[in-house]
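Novice: My questions all concern the structure below.
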Amino acid sequence: MTTTEQQFDSVIKTCRDIFAKKLTDYGTSWRIMRPSSVTDQIFIKANRIRSLETKKEAMVDEGTRGEWIAIVNYGVIGLIQLALGYADQPDLSPEEALALYDKYLQQTKTLMIAKNHDYGEAWRLMRVSSYTDIILQKLNRTKQIESNNGETLISEGIDANYSDMVNYAIFALIKIDNPI
């Protein structure tokens with residue numbers, strides 16, 4: 001296993017642990033969220049990160065690390081919601097939700113490995129603030145696709161954008177946890 005895969009797995013373990021604990025606290029209450037609401041929730045998190053990067057000061061005693069974790073977890077929730085559709089009430093057990101979480105994170109990891117091969121781990125040379133900007137750009141793309149009823153003429157769909165956002169958030173967490 002490569003260093004990147006080990007670091008990726010370490011971040012995933014942290015994100016999954018938080019997701020599992022939130023399942024204990026809240027159940028699968030997120031199942032009622034339409035994908036557009038998930039997109040907006042990720043937007044809130046990314047926008048806060050950008051605000052803190054720009055202002056260099058937080059008024060709320062929480063750093064950006066938790067926001068990056070939330071982007072990973074909401075991105076996975078978005079992938080689940082796209083696949084299952086939203087529900088009128090929570091309809092998954094915690095075990096089912098965790099199995100779906102693992103499935104979509106594994107798909108995202110597979111995508112990361114393929115892109116890392118092709119791009120030569122260029123993400124390692126990028127600034128964390130660029131991940132923020134790219135995620136915000138992907139959110140704007142996703143909102144446009146949602147406004148087009150999920151249809152695209154030539155571009156990747158919402159699921160690909162969610163997967164990319166998850167990967168960029170994981171890259172940010174790797175860099176935060178392993179400063180050079």
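To be explicit about the labels: the chains of the structure tokens are called A, B, and onward in the order shown, and within each one the residues are counted from 1, while ligands get numbers from 1 in the order they are shown.
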What are the nearest atom pairs, with distances in Å to one decimal, for all residues of stretch 80-144 of chain A that come at most 12 Å from stretch 1-12 of chain A, using only C-alpha atoms, set out by chain and rising residue number as JSON lines?
Specialist:
{"residue": "A:Tyr101", "atom": "CA", "partner": "A:Ile12", "partner_atom": "CA", "distance": 10.3}
{"residue": "A:Asp102", "atom": "CA", "partner": "A:Ile12", "partner_atom": "CA", "distance": 9.3}
{"residue": "A:Tyr104", "atom": "CA", "partner": "A:Ile12", "partner_atom": "CA", "distance": 11.4}
{"residue": "A:Leu105", "atom": "CA", "partner": "A:Ile12", "partner_atom": "CA", "distance": 7.8}
{"residue": "A:Gln106", "atom": "CA", "partner": "A:Ile12", "partner_atom": "CA", "distance": 9.6}
{"residue": "A:Thr108", "atom": "CA", "partner": "A:Phe8", "partner_atom": "CA", "distance": 10.5}
{"residue": "A:Lys109", "atom": "CA", "partner": "A:Phe8", "partner_atom": "CA", "distance": 7.8}
{"residue": "A:Thr110", "atom": "CA", "partner": "A:Glu5", "partner_atom": "CA", "distance": 10.0}
{"residue": "A:Leu111", "atom": "CA", "partner": "A:Glu5", "partner_atom": "CA", "distance": 11.8}
{"residue": "A:Met112", "atom": "CA", "partner": "A:Glu5", "partner_atom": "CA", "distance": 9.2}
{"residue": "A:Ile113", "atom": "CA", "partner": "A:Glu5", "partner_atom": "CA", "distance": 7.9}
{"residue": "A:Ala114", "atom": "CA", "partner": "A:Glu5", "partner_atom": "CA", "distance": 11.7}
{"residue": "A:Asn116", "atom": "CA", "partner": "A:Thr4", "partner_atom": "CA", "distance": 9.2}
{"residue": "A:His117", "atom": "CA", "partner": "A:Thr4", "partner_atom": "CA", "distance": 11.3}
{"residue": "A:Gly120", "atom": "CA", "partner": "A:Thr4", "partner_atom": "CA", "distance": 11.4}
{"residue": "A:Glu121", "atom": "CA", "partner": "A:Thr4", "partner_atom": "CA", "distance": 8.8}
{"residue": "A:Trp123", "atom": "CA", "partner": "A:Thr4", "partner_atom": "CA", "distance": 10.9}
{"residue": "A:Arg124", "atom": "CA", "partner": "A:Thr4", "partner_atom": "CA", "distance": 9.8}
Novice: Could you pull out the helix (DSSP H, G or I) residues of stretch 1-71 of chain A, going by DSSP on the backbone, and write them as a VMD selection string?
Specialist: chain A and resid 3 to 26 29 to 32 35 to 55 65 to 71
Novice: I want to know what sits within 9 Å of A:Leu82, based on only C-alpha atoms, with residues of the same chain fewer than 4 positions away left out; could you give that as a list in words?
Specialist: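 Surrounding residues, per the criterion: Arg34, Pro35, Ile77, Gly78, Tyr86, Ile158 and Asp159 of chain A.
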Novice: Generate a file of the selected residues that holds N, CA and C atoms, formatted as a PDB file, in the first residue's frame.
Specialist:
ATOM      1  N   ARG A  34     -33.036  16.328   0.532  1.00  0.00           N
ATOM      2  CA  ARG A  34     -32.916  16.221  -0.914  1.00  0.00           C
ATOM      3  C   ARG A  34     -31.460  16.515  -1.277  1.00  0.00           C
ATOM      4  N   PRO A  35     -30.973  15.973  -2.397  1.00  0.00           N
ATOM      5  CA  PRO A  35     -29.575  16.234  -2.759  1.00  0.00           C
ATOM      6  C   PRO A  35     -29.217  17.724  -2.796  1.00  0.00           C
ATOM      7  N   ILE A  77     -22.891  11.298   2.132  1.00  0.00           N
ATOM      8  CA  ILE A  77     -24.349  11.351   2.273  1.00  0.00           C
ATOM      9  C   ILE A  77     -24.977  11.746   0.937  1.00  0.00           C
ATOM     10  N   GLY A  78     -24.383  12.710   0.251  1.00  0.00           N
ATOM     11  CA  GLY A  78     -24.891  13.116  -1.062  1.00  0.00           C
ATOM     12  C   GLY A  78     -24.896  11.958  -2.046  1.00  0.00           C
ATOM     13  N   TYR A  86     -34.252  10.632  -1.625  1.00  0.00           N
ATOM     14  CA  TYR A  86     -34.505  11.025  -0.242  1.00  0.00           C
ATOM     15  C   TYR A  86     -35.756  10.320   0.259  1.00  0.00           C
ATOM     16  N   ILE A 158     -23.608  15.064 -11.012  1.00  0.00           N
ATOM     17  CA  ILE A 158     -23.536  15.455  -9.608  1.00  0.00           C
ATOM     18  C   ILE A 158     -22.702  14.467  -8.813  1.00  0.00           C
ATOM     19  N   ASP A 159     -22.872  13.175  -9.079  1.00  0.00           N
ATOM     20  CA  ASP A 159     -22.129  12.169  -8.323  1.00  0.00           C
ATOM     21  C   ASP A 159     -20.620  12.340  -8.485  1.00  0.00           C
TER      22      ASP A 159
END
Novice: From the list A:Glu67, A:Asp91, A:Asp118, A:Glu146, which residue is nearest A:Gly27 when using only C-alpha atoms?
Specialist: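 Using only C-alpha atoms, the shortest distance to A:Gly27 belongs to A:Asp91.
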Novice: Between A:Tyr162, A:Trp30, A:Tyr74, A:Phe19, single out the one closest to A:Lys45, counting only C-alpha atoms.
Specialist: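 Using only C-alpha atoms, the shortest distance to A:Lys45 belongs to A:Tyr74.
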